[in-house]
Structure formats: structure tokens, C-alpha cells
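Q: Let me give you the structure first, and then I'll get to my questions.
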Amino acid sequence: MLIQVLFHVFAAILVVAALGVIIARNPVYSALALVMCFITSAAIWLLLEAEFLAVVLVLVYVGAVMVLFLFVVMMLDINLAELRKGFTRFAWLGWLTALAVIVEIAGVVWSRGGLGLDAGRGAVPEPADYSNTLALGSVLYTRYAYPFELAAVLLLVAIVAAISLTMRRRAGLKHQDISRQVAVRRADRVRLVKMDAEKRP
Amino acid sequence: MHNLTNLWLAFLDFARSPLGKSSAWIIVITLVLIISVALLTLWERKVIGWMQLRRGPNRVRIFGFLPGVGQPFADVVKLLLKEVVIPANANKLLFRLAPIITLVPAFAAWAVIPLSPEVVVSKADAGLLYLLSLTSMGVYGVIVAGWAANSKYAFLGAMRSAAQMVAYEIAMGFALVGVLMATGSMNLGTIVRTQEGGILAWNWLWLFPLLVVYFISGVAETNRAPFDVAEGESEIVAGFHVEYSGIAFALFFLAEYANMILISALTAVFFFGGWQGPFQGYPGLGHTFLGQPSFLWFGIKIFVLLFLFLWFRATFPRYRYDQIMRLGWKALIPVTLVWIGVEMLLAAYRLGPWARPWYH
């Protein structure tokens, strides 16, 4: 009962936040609404006893990806009038895309008989000593060890590629060599001169 | 009257249920934390005062005793009575929301911290991940505050702090991977239990580089000196909270100090055996209170680590921004990666924490 109530509360918040992402005029509001989406979907996953996925969703998307996203959105000086100019002209395209996506999702859910989940009632309750984190880990590192490592290597390649694409050495670039700054001694900077305070008569 | 009795009895029933006990602990922990933050601000000013050969606050007394101890409470009353000025072009909703966003993770994180062998609000198996995700949410308060205030200084502070927190979170996460390898669990209670066996069995000995990295990252994560460029007074006035006044400012202050206590508690849990006694299992001492696990040890460890925070603030000059980034990316992260490699070797040869029965 409690789980049902919680599910509907979170689902309502999720839908409102998701609408906020696309409706909000201010891009910063959109980004924050997206954060809200992630957090509420994490809460719904928690209700389904998938605590590892829930926590990782918050950790990766809310904690890292969206921070950088927000960072960029706040720095951008977006001209809203310019953005909204062609809105009515392309609205039909948007509606068509939305309709296609909805039909696809409905088709999948309907053909599989609701994905085997009665969403409102939550997952089939597991025994008290069941740990989703443990279960996921033991499957991931035994049966799916190779796909898992392949995915990790793929991500590493992506990191290296991103860095090598953006690393450019401009000619005449000045930068500080901090180890030299730290290694500096007093004798390099100051010369002590011994002299009389007054002219000798 | 009859109804009232029934209500009271129902309340007692609730208080005896597991849910009631957890709620009671939540209230107790929150209140104790708020009082600790108040006393910590006083302790900080006193300690830094002594280090700089001053007296620190010594005027406001409590009931005529203990000169200076009333200072934080007088400060709270002052801040409560002041007006919260909202700048004309600020984003009103986000401006009011930001202090709360900062405060909530700092308190919510205490849910999974084992305070003593018996007392912990939630024995979540993914406790470590929960902590990481909550501490990473604290940055939103800073970013939103900096942006909503519509001030260049505040915005610069927010940008600096966002980049800094993202950088140091990675080093922090890697240091925790090392802890995870040495204890074989993400449950904080289990992490403490595997460090059983006295001061030399705690993780600090075998994971010393990770301890250093974790604590430095923790100082950076809380935006404390010497990593406090987010509020560098000499350059950007007060950084992200420059436009905040009154109780809204006090909430940021509260969150910063609550985060300090949190980082100290986490360092104690991960590297100093949480509530384990230092002389556990030692002949002669092991059976006295010195060897028994209790909240006392946890409290002492938190206190000593908090003192380090204050000591850093009184001692070190502030880092320059590019030095902070360099330290985070080029020094701390490589150290953790190398030490994780060393840990693999230790595990292969069954040394240190890997000689324990859980690892087979």
C-alpha cells in the first residue's frame, strides 16, 4: 500500500519534471528539471529493489554529468527569441516524432504484456538478505566479464579520443611551469646588498 | 482524556517499533549535529585564536559561566533576526532554494554512518555508493546559489567550486575503491567490522597514501582552506554566497561545518576503524574500556580529524586555482591509481588486510 502510494507520488513528480525539461523557457530550469527527473527515477528504482542502479544513476548522472551540463548552460548566453522563431513552423515535426516514440513504447509494453511488471505494485519482494548490489556484481564479473571489460575499454578509448581531439598546442602559448616555480630559491629572486645607510662624510 | 491516553499508548507502540526507533535516531542525530556545528564554529575561532596568539571569542557567557561558549548561540540569534536581502534581479525561487539544496545532503549522509556497534539508521548494502552520490549532490547548492544571485562574483565562485568538486570527487572515489578492495564490502558497518583488531589493523596502515588522498580531497570537497577559492575573500569577496544575508547565509555556514564533520566521520570509518577501540585484542588492555568498541572512540577520532581541518586553515596559505587543478588531476589521481595496483599485489600475496578470513 505504502509502496503504491509512493510510486504514484514519484511517478507524478517524474512526469511533471519531464514536462518541465521541455516546457521551461529558461535553459537552466530545464537542466534542473532534468536533475529532478533523474532523482525521482532513482527513487522509483529503489521501490523496485534495484538500489545499485538507483544510486549509480544519481552518482553518475546527477553528480557528474548534469553538473558539467549545468556548468555549460549557465555560461552560454542563449538568445531565447532566436531559438523560438521557428517554433510554430516545425511544431508538426515535433508532434510527429513524439507520436512515433509513444507508439513504439506502447507497442513494446503491450506486446510483452506490461514487461512482466505491475508497476504500481512494485517488484516481487525478495527475501530480506537479498542484496541487489551483490547479485549484480556477481553476474557482471562472472558471466558477463568479457562484455563488461570490453565496455570499459571502449570508454577508455573514448576518453583518449576526446582528449586527443581537443588537445592543441598553439604556437606562442605561455604557461607556468609549476615545478620550477616551487623549486625557486631566495638567491634566484633577491640580491642582498650591503651598503651604508648614510653617505660617509 | 481517554483519547489522549490511547494516543500516548499508540505513540509508545510506534516508538518501540523499528520505524519509530529509526525516526528517534534521525531526530537525535540531527539535533546533535546542529549543536556540534555551533560548538565547532566556536572551537575553530578559539583554536585559530590560540595559534595566532589571540584569545578568540571570550565575551558571551552561558548563564554567567564559560566565557565565549555563548558566542555561537548569540551569532545564531543575530543571524535569525537579520533581514534576508534578495537582490532585485536575482532568480527568487532558486535563490531561496539553494541553501536548502546545500544543507540536505550534508545531513542525509548520516543515515548510513555506523555510530556505534548497535546504532545505525540504515544498514544499506550500497552505503558507500549512497554516500558518494549524496556528497556529489552538495555541489548543486553552490552552483545554483552562484547563478541565482545574478552577481559576477557569486558566479565566478560557483564556477570555480563546480570544477574543483568534480575534479576532487574522482580522487575521492578512487581512494574509496581502495577501501572497498581492503574490506570487501560497501556496507559501512561491515567496513568497520573488518578493521577489527586494534590500531594496527585499521586501514590507515596499509592504505596510507589513500588516506592522505582521501582527506585532502575531503578538505577540497568542503571548500575549506587552503582550497577555499570558491569564496576567496581576497579576489571575489565571498564567492558563491556573496549576496546571501541573515539566516540564508547561516544555512550555507551550517552546511559547510556539517560537511566538515561528515568528512571527518567518513575518514574515521574508512581508515581509522570507526567505533573500534585502539587496543582491541592487546594483552592486558583489551579487556578494559580501551579495547572495547564504543561511540567514544568514534567521537574522539572525529574530533582529532576536525582539529586537522582547523589546523590547516590556520597554517596554510590559499592555493592558486591552477595549482588546485594540478594537484587534483596530476598528483592525487595518479597516487590512487598506483596504490590500487599495489593493493592488487598485496591481495595476490595475502598481505595485510587480505590475510583476513573474509578474503579467500
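Convention: chains lettered A, B, ... in C-alpha cells order; per-chain residue numbering from 1; ligands numbered from 1 as shown.
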Dump as a list in words the residues of chain B that approach chain A to within 7 Å, counting only C-alpha atoms.
A: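 For chain B, the answer reads Asp125, Ala126, Leu129, Tyr130, Leu132, Ser133, Ser136, Met137 and Val166 of chain B.
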Q: Those selected residues, please, written with C-alpha atoms and delivered as an mmCIF file, in the first residue's frame.
A:
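Writing done, so here's selection.cif:
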data_model
loop_
_atom_site.group_PDB
_atom_site.id
_atom_site.type_symbol
_atom_site.label_atom_id
_atom_site.label_comp_id
_atom_site.auth_asym_id
_atom_site.auth_seq_id
_atom_site.Cartn_x
_atom_site.Cartn_y
_atom_site.Cartn_z
ATOM 1 C CA ASP B 125 24.465 -2.560 1.444
ATOM 2 C CA ALA B 126 25.200 0.165 -1.073
ATOM 3 C CA LEU B 129 27.723 4.469 -3.114
ATOM 4 C CA TYR B 130 24.908 6.285 -1.341
ATOM 5 C CA LEU B 132 29.343 9.211 -2.830
ATOM 6 C CA SER B 133 26.149 10.171 -4.613
ATOM 7 C CA SER B 136 28.286 14.852 -5.111
ATOM 8 C CA MET B 137 24.853 16.478 -4.852
ATOM 9 C CA VAL B 166 34.125 17.463 -9.942
#
Q: Among region 129-180 of chain A, which residues carry a DSSP assignment of alpha helix (DSSP H), reported as a ChimeraX atom specification?
A: /A:132-140,145-166,178-180
Q: With N, CA and C atoms retained, could you export that selection as an mmCIF file, in the first residue's frame?
A:
data_model
loop_
_atom_site.group_PDB
_atom_site.id
_atom_site.type_symbol
_atom_site.label_atom_id
_atom_site.label_comp_id
_atom_site.auth_asym_id
_atom_site.auth_seq_id
_atom_site.Cartn_x
_atom_site.Cartn_y
_atom_site.Cartn_z
ATOM 1 N N ASN A 132 20.787 -6.532 -3.992
ATOM 2 C CA ASN A 132 20.807 -6.275 -5.422
ATOM 3 C C ASN A 132 22.227 -5.960 -5.894
ATOM 4 N N THR A 133 22.977 -5.229 -5.062
ATOM 5 C CA THR A 133 24.350 -4.869 -5.408
ATOM 6 C C THR A 133 25.195 -6.121 -5.585
ATOM 7 N N LEU A 134 25.052 -7.039 -4.611
ATOM 8 C CA LEU A 134 25.818 -8.287 -4.649
ATOM 9 C C LEU A 134 25.434 -9.104 -5.874
ATOM 10 N N ALA A 135 24.122 -9.220 -6.133
ATOM 11 C CA ALA A 135 23.651 -10.038 -7.251
ATOM 12 C C ALA A 135 24.183 -9.486 -8.569
ATOM 13 N N LEU A 136 24.072 -8.167 -8.725
ATOM 14 C CA LEU A 136 24.532 -7.537 -9.954
ATOM 15 C C LEU A 136 26.027 -7.740 -10.134
ATOM 16 N N GLY A 137 26.783 -7.543 -9.040
ATOM 17 C CA GLY A 137 28.240 -7.697 -9.104
ATOM 18 C C GLY A 137 28.630 -9.104 -9.485
ATOM 19 N N SER A 138 27.976 -10.096 -8.874
ATOM 20 C CA SER A 138 28.406 -11.465 -9.150
ATOM 21 C C SER A 138 28.081 -11.864 -10.582
ATOM 22 N N VAL A 139 27.001 -11.338 -11.146
ATOM 23 C CA VAL A 139 26.709 -11.650 -12.552
ATOM 24 C C VAL A 139 27.672 -10.906 -13.468
ATOM 25 N N LEU A 140 27.908 -9.627 -13.133
ATOM 26 C CA LEU A 140 28.705 -8.771 -14.007
ATOM 27 C C LEU A 140 30.145 -9.249 -14.109
ATOM 28 N N ALA A 145 31.784 -11.049 -17.794
ATOM 29 C CA ALA A 145 33.072 -10.395 -17.539
ATOM 30 C C ALA A 145 33.643 -9.780 -18.817
ATOM 31 N N TYR A 146 33.597 -10.529 -19.945
ATOM 32 C CA TYR A 146 34.212 -10.008 -21.162
ATOM 33 C C TYR A 146 33.457 -8.819 -21.724
ATOM 34 N N PRO A 147 32.113 -8.904 -21.875
ATOM 35 C CA PRO A 147 31.405 -7.701 -22.342
ATOM 36 C C PRO A 147 31.653 -6.494 -21.440
ATOM 37 N N PHE A 148 31.725 -6.753 -20.127
ATOM 38 C CA PHE A 148 31.951 -5.668 -19.178
ATOM 39 C C PHE A 148 33.297 -5.005 -19.417
ATOM 40 N N GLU A 149 34.336 -5.837 -19.602
ATOM 41 C CA GLU A 149 35.671 -5.273 -19.815
ATOM 42 C C GLU A 149 35.758 -4.579 -21.166
ATOM 43 N N LEU A 150 35.046 -5.151 -22.157
ATOM 44 C CA LEU A 150 35.032 -4.503 -23.475
ATOM 45 C C LEU A 150 34.424 -3.108 -23.369
ATOM 46 N N ALA A 151 33.335 -3.013 -22.607
ATOM 47 C CA ALA A 151 32.697 -1.707 -22.437
ATOM 48 C C ALA A 151 33.654 -0.730 -21.762
ATOM 49 N N ALA A 152 34.411 -1.240 -20.783
ATOM 50 C CA ALA A 152 35.358 -0.378 -20.071
ATOM 51 C C ALA A 152 36.436 0.117 -21.024
ATOM 52 N N VAL A 153 36.961 -0.784 -21.859
ATOM 53 C CA VAL A 153 38.000 -0.387 -22.817
ATOM 54 C C VAL A 153 37.442 0.635 -23.800
ATOM 55 N N LEU A 154 36.185 0.411 -24.222
ATOM 56 C CA LEU A 154 35.540 1.331 -25.155
ATOM 57 C C LEU A 154 35.480 2.741 -24.564
ATOM 58 N N LEU A 155 35.122 2.807 -23.282
ATOM 59 C CA LEU A 155 35.046 4.113 -22.614
ATOM 60 C C LEU A 155 36.426 4.757 -22.550
ATOM 61 N N LEU A 156 37.443 3.932 -22.259
ATOM 62 C CA LEU A 156 38.812 4.458 -22.182
ATOM 63 C C LEU A 156 39.223 5.035 -23.525
ATOM 64 N N VAL A 157 38.894 4.296 -24.611
ATOM 65 C CA VAL A 157 39.226 4.778 -25.957
ATOM 66 C C VAL A 157 38.517 6.104 -26.211
ATOM 67 N N ALA A 158 37.259 6.190 -25.750
ATOM 68 C CA ALA A 158 36.511 7.430 -25.955
ATOM 69 C C ALA A 158 37.184 8.590 -25.233
ATOM 70 N N ILE A 159 37.685 8.328 -23.999
ATOM 71 C CA ILE A 159 38.363 9.395 -23.245
ATOM 72 C C ILE A 159 39.605 9.858 -23.994
ATOM 73 N N VAL A 160 40.414 8.854 -24.424
ATOM 74 C CA VAL A 160 41.652 9.197 -25.126
ATOM 75 C C VAL A 160 41.332 9.973 -26.398
ATOM 76 N N ALA A 161 40.287 9.542 -27.114
ATOM 77 C CA ALA A 161 39.911 10.209 -28.359
ATOM 78 C C ALA A 161 39.490 11.648 -28.090
ATOM 79 N N ALA A 162 38.671 11.832 -27.042
ATOM 80 C CA ALA A 162 38.198 13.181 -26.735
ATOM 81 C C ALA A 162 39.361 14.098 -26.402
ATOM 82 N N ILE A 163 40.317 13.569 -25.630
ATOM 83 C CA ILE A 163 41.457 14.418 -25.253
ATOM 84 C C ILE A 163 42.311 14.725 -26.470
ATOM 85 N N SER A 164 42.562 13.699 -27.319
ATOM 86 C CA SER A 164 43.451 13.939 -28.453
ATOM 87 C C SER A 164 42.786 14.851 -29.482
ATOM 88 N N LEU A 165 41.436 14.859 -29.523
ATOM 89 C CA LEU A 165 40.753 15.755 -30.454
ATOM 90 C C LEU A 165 40.858 17.208 -29.998
ATOM 91 N N THR A 166 40.814 17.426 -28.676
ATOM 92 C CA THR A 166 40.765 18.804 -28.190
ATOM 93 C C THR A 166 42.117 19.355 -27.810
ATOM 94 N N ILE A 178 55.010 24.789 -12.970
ATOM 95 C CA ILE A 178 54.855 24.932 -11.528
ATOM 96 C C ILE A 178 56.010 24.303 -10.764
ATOM 97 N N SER A 179 56.596 23.227 -11.313
ATOM 98 C CA SER A 179 57.704 22.632 -10.562
ATOM 99 C C SER A 179 58.874 23.603 -10.499
ATOM 100 N N ARG A 180 59.043 24.413 -11.552
ATOM 101 C CA ARG A 180 60.104 25.425 -11.495
ATOM 102 C C ARG A 180 59.739 26.534 -10.517
#
Q: Show which residues sit within 12 Å of Ala167 (chain B), as a PyMOL selection string. Count only C-alpha atoms, and ignore same-chain residues fewer than 2 positions away.
A: (chain A and resi 63-64+67-68) or (chain B and resi 136+139+160-165+169-174+217-218+220-221+324-333)
Q: Enumerate, in order of chain and increasing residue number, the residues of region 291-310 of chain B with an atom no farther than 10 Å from region 41-60 of chain B, each with its shortest atom pair and distance in Å to one decimal, counting only C-alpha atoms, as CSV.
A:
residue,atom,partner,partner_atom,distance
B:Leu306,CA,B:Glu44,CA,9.2
B:Phe307,CA,B:Glu44,CA,8.2
B:Phe309,CA,B:Glu44,CA,9.0
B:Leu310,CA,B:Glu44,CA,5.9
Q: Using only C-alpha atoms, determine which residues lie at most 9 Å from region 153-158 of chain B, disregarding the query and same-chain residues fewer than 3 positions distant; provide the list as number ranges by chain.
A: B: 139, 142-150, 161-163, 229-232, 235-243
Q: So, with only C-alpha atoms as the atoms that count, which of A:Ala12, A:Val182, A:Met167, A:Leu6 lies closest to Leu48 (chain A)?
A: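 Selected residue with least distance to Leu48 (chain A): A:Leu6.
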Q: For the atom pair CA of Asp322 (chain B) and CA of Ala171 (chain A), what is the interatomic distance in Å to one decimal place?
A: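 CA of Ala171 (chain A) lies 21.0 Å from CA of Asp322 (chain B).
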Q: What is the CA of Phe227 (chain B)-CA of Ile261 (chain B) distance in Å, reported with one decimal?
A: 16.9 Å
Q: Any idea what the distance is between CA of Leu103 (chain B) and CA of Arg224 (chain B)?
A: 16.0 Å
Q: Which of these, B:Ala265, B:Lys21, B:Ala201, B:Ser36, has the shortest distance to Phe295 (chain B) once you count only C-alpha atoms?
A: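 Smallest separation from Phe295 (chain B) among the options: B:Ala265.
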Q: Could you list, as a PyMOL selection string, every residue within 10 Å of region 183-191 of chain B, counting only C-alpha atoms and ignoring same-chain residues fewer than 2 positions away?
A: (chain A and resi 133-134) or (chain B and resi 112-120+122-131+176-181+193-196+203+266+269-271+273-275+353-354+356+358-359)
Q: Output the selection as a short mmCIF file (atom, residue, chain, number, x, y, z; two decimals), in the first residue's frame - C-alpha atoms for each residue.
A:
data_model
loop_
_atom_site.label_atom_id
_atom_site.label_comp_id
_atom_site.auth_asym_id
_atom_site.auth_seq_id
_atom_site.Cartn_x
_atom_site.Cartn_y
_atom_site.Cartn_z
CA THR A 133 24.35 -4.87 -5.41
CA LEU A 134 25.82 -8.29 -4.65
CA VAL B 112 24.33 5.12 6.73
CA ILE B 113 27.13 6.03 9.16
CA PRO B 114 27.52 3.46 11.94
CA LEU B 115 27.81 5.48 15.16
CA SER B 116 28.44 2.55 17.49
CA PRO B 117 28.22 -1.25 17.15
CA GLU B 118 24.45 -1.10 17.59
CA VAL B 119 23.41 2.32 16.36
CA VAL B 120 23.00 2.96 12.65
CA SER B 122 20.17 2.29 7.77
CA LYS B 123 22.32 -0.79 7.18
CA ALA B 124 22.22 -0.23 3.44
CA ASP B 125 24.46 -2.56 1.44
CA ALA B 126 25.20 0.16 -1.07
CA GLY B 127 26.04 2.59 1.74
CA LEU B 128 29.33 3.70 0.24
CA LEU B 129 27.72 4.47 -3.11
CA TYR B 130 24.91 6.28 -1.34
CA LEU B 131 27.49 8.48 0.39
CA LEU B 176 37.25 4.61 -1.74
CA VAL B 177 37.80 1.89 -4.36
CA GLY B 178 40.96 1.06 -2.41
CA VAL B 179 38.99 0.87 0.83
CA LEU B 180 36.46 -1.34 -0.93
CA MET B 181 39.23 -3.70 -2.02
CA ARG B 193 33.85 -4.64 11.44
CA THR B 194 36.58 -5.93 9.11
CA GLN B 195 39.04 -3.47 10.68
CA GLU B 196 38.80 -5.38 13.94
CA ASN B 203 43.09 0.59 7.20
CA LEU B 266 33.88 9.15 6.98
CA VAL B 269 35.03 4.97 9.33
CA PHE B 270 37.09 4.15 6.25
CA PHE B 271 40.63 4.43 7.59
CA GLY B 273 38.17 1.73 12.24
CA GLY B 274 35.08 3.79 13.09
CA TRP B 275 33.92 2.77 16.54
CA PRO B 353 44.05 -6.73 5.19
CA TRP B 354 43.99 -9.58 2.69
CA ARG B 356 41.85 -11.76 6.99
CA TRP B 358 36.81 -12.76 4.56
CA TYR B 359 39.28 -12.90 1.68
#
Q: Could you name the residues that touch Val304 (chain B) at 12 Å or less, counting only C-alpha atoms, but leaving out those on the same chain fewer than 6 positions away, as a list in words?
A: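 Residues near the query, excluding close chain neighbours: Ile261, Ser264, Ala265, Thr267, Ala268, Phe272, Trp297, Phe298, Leu310 and Trp311 of chain B.
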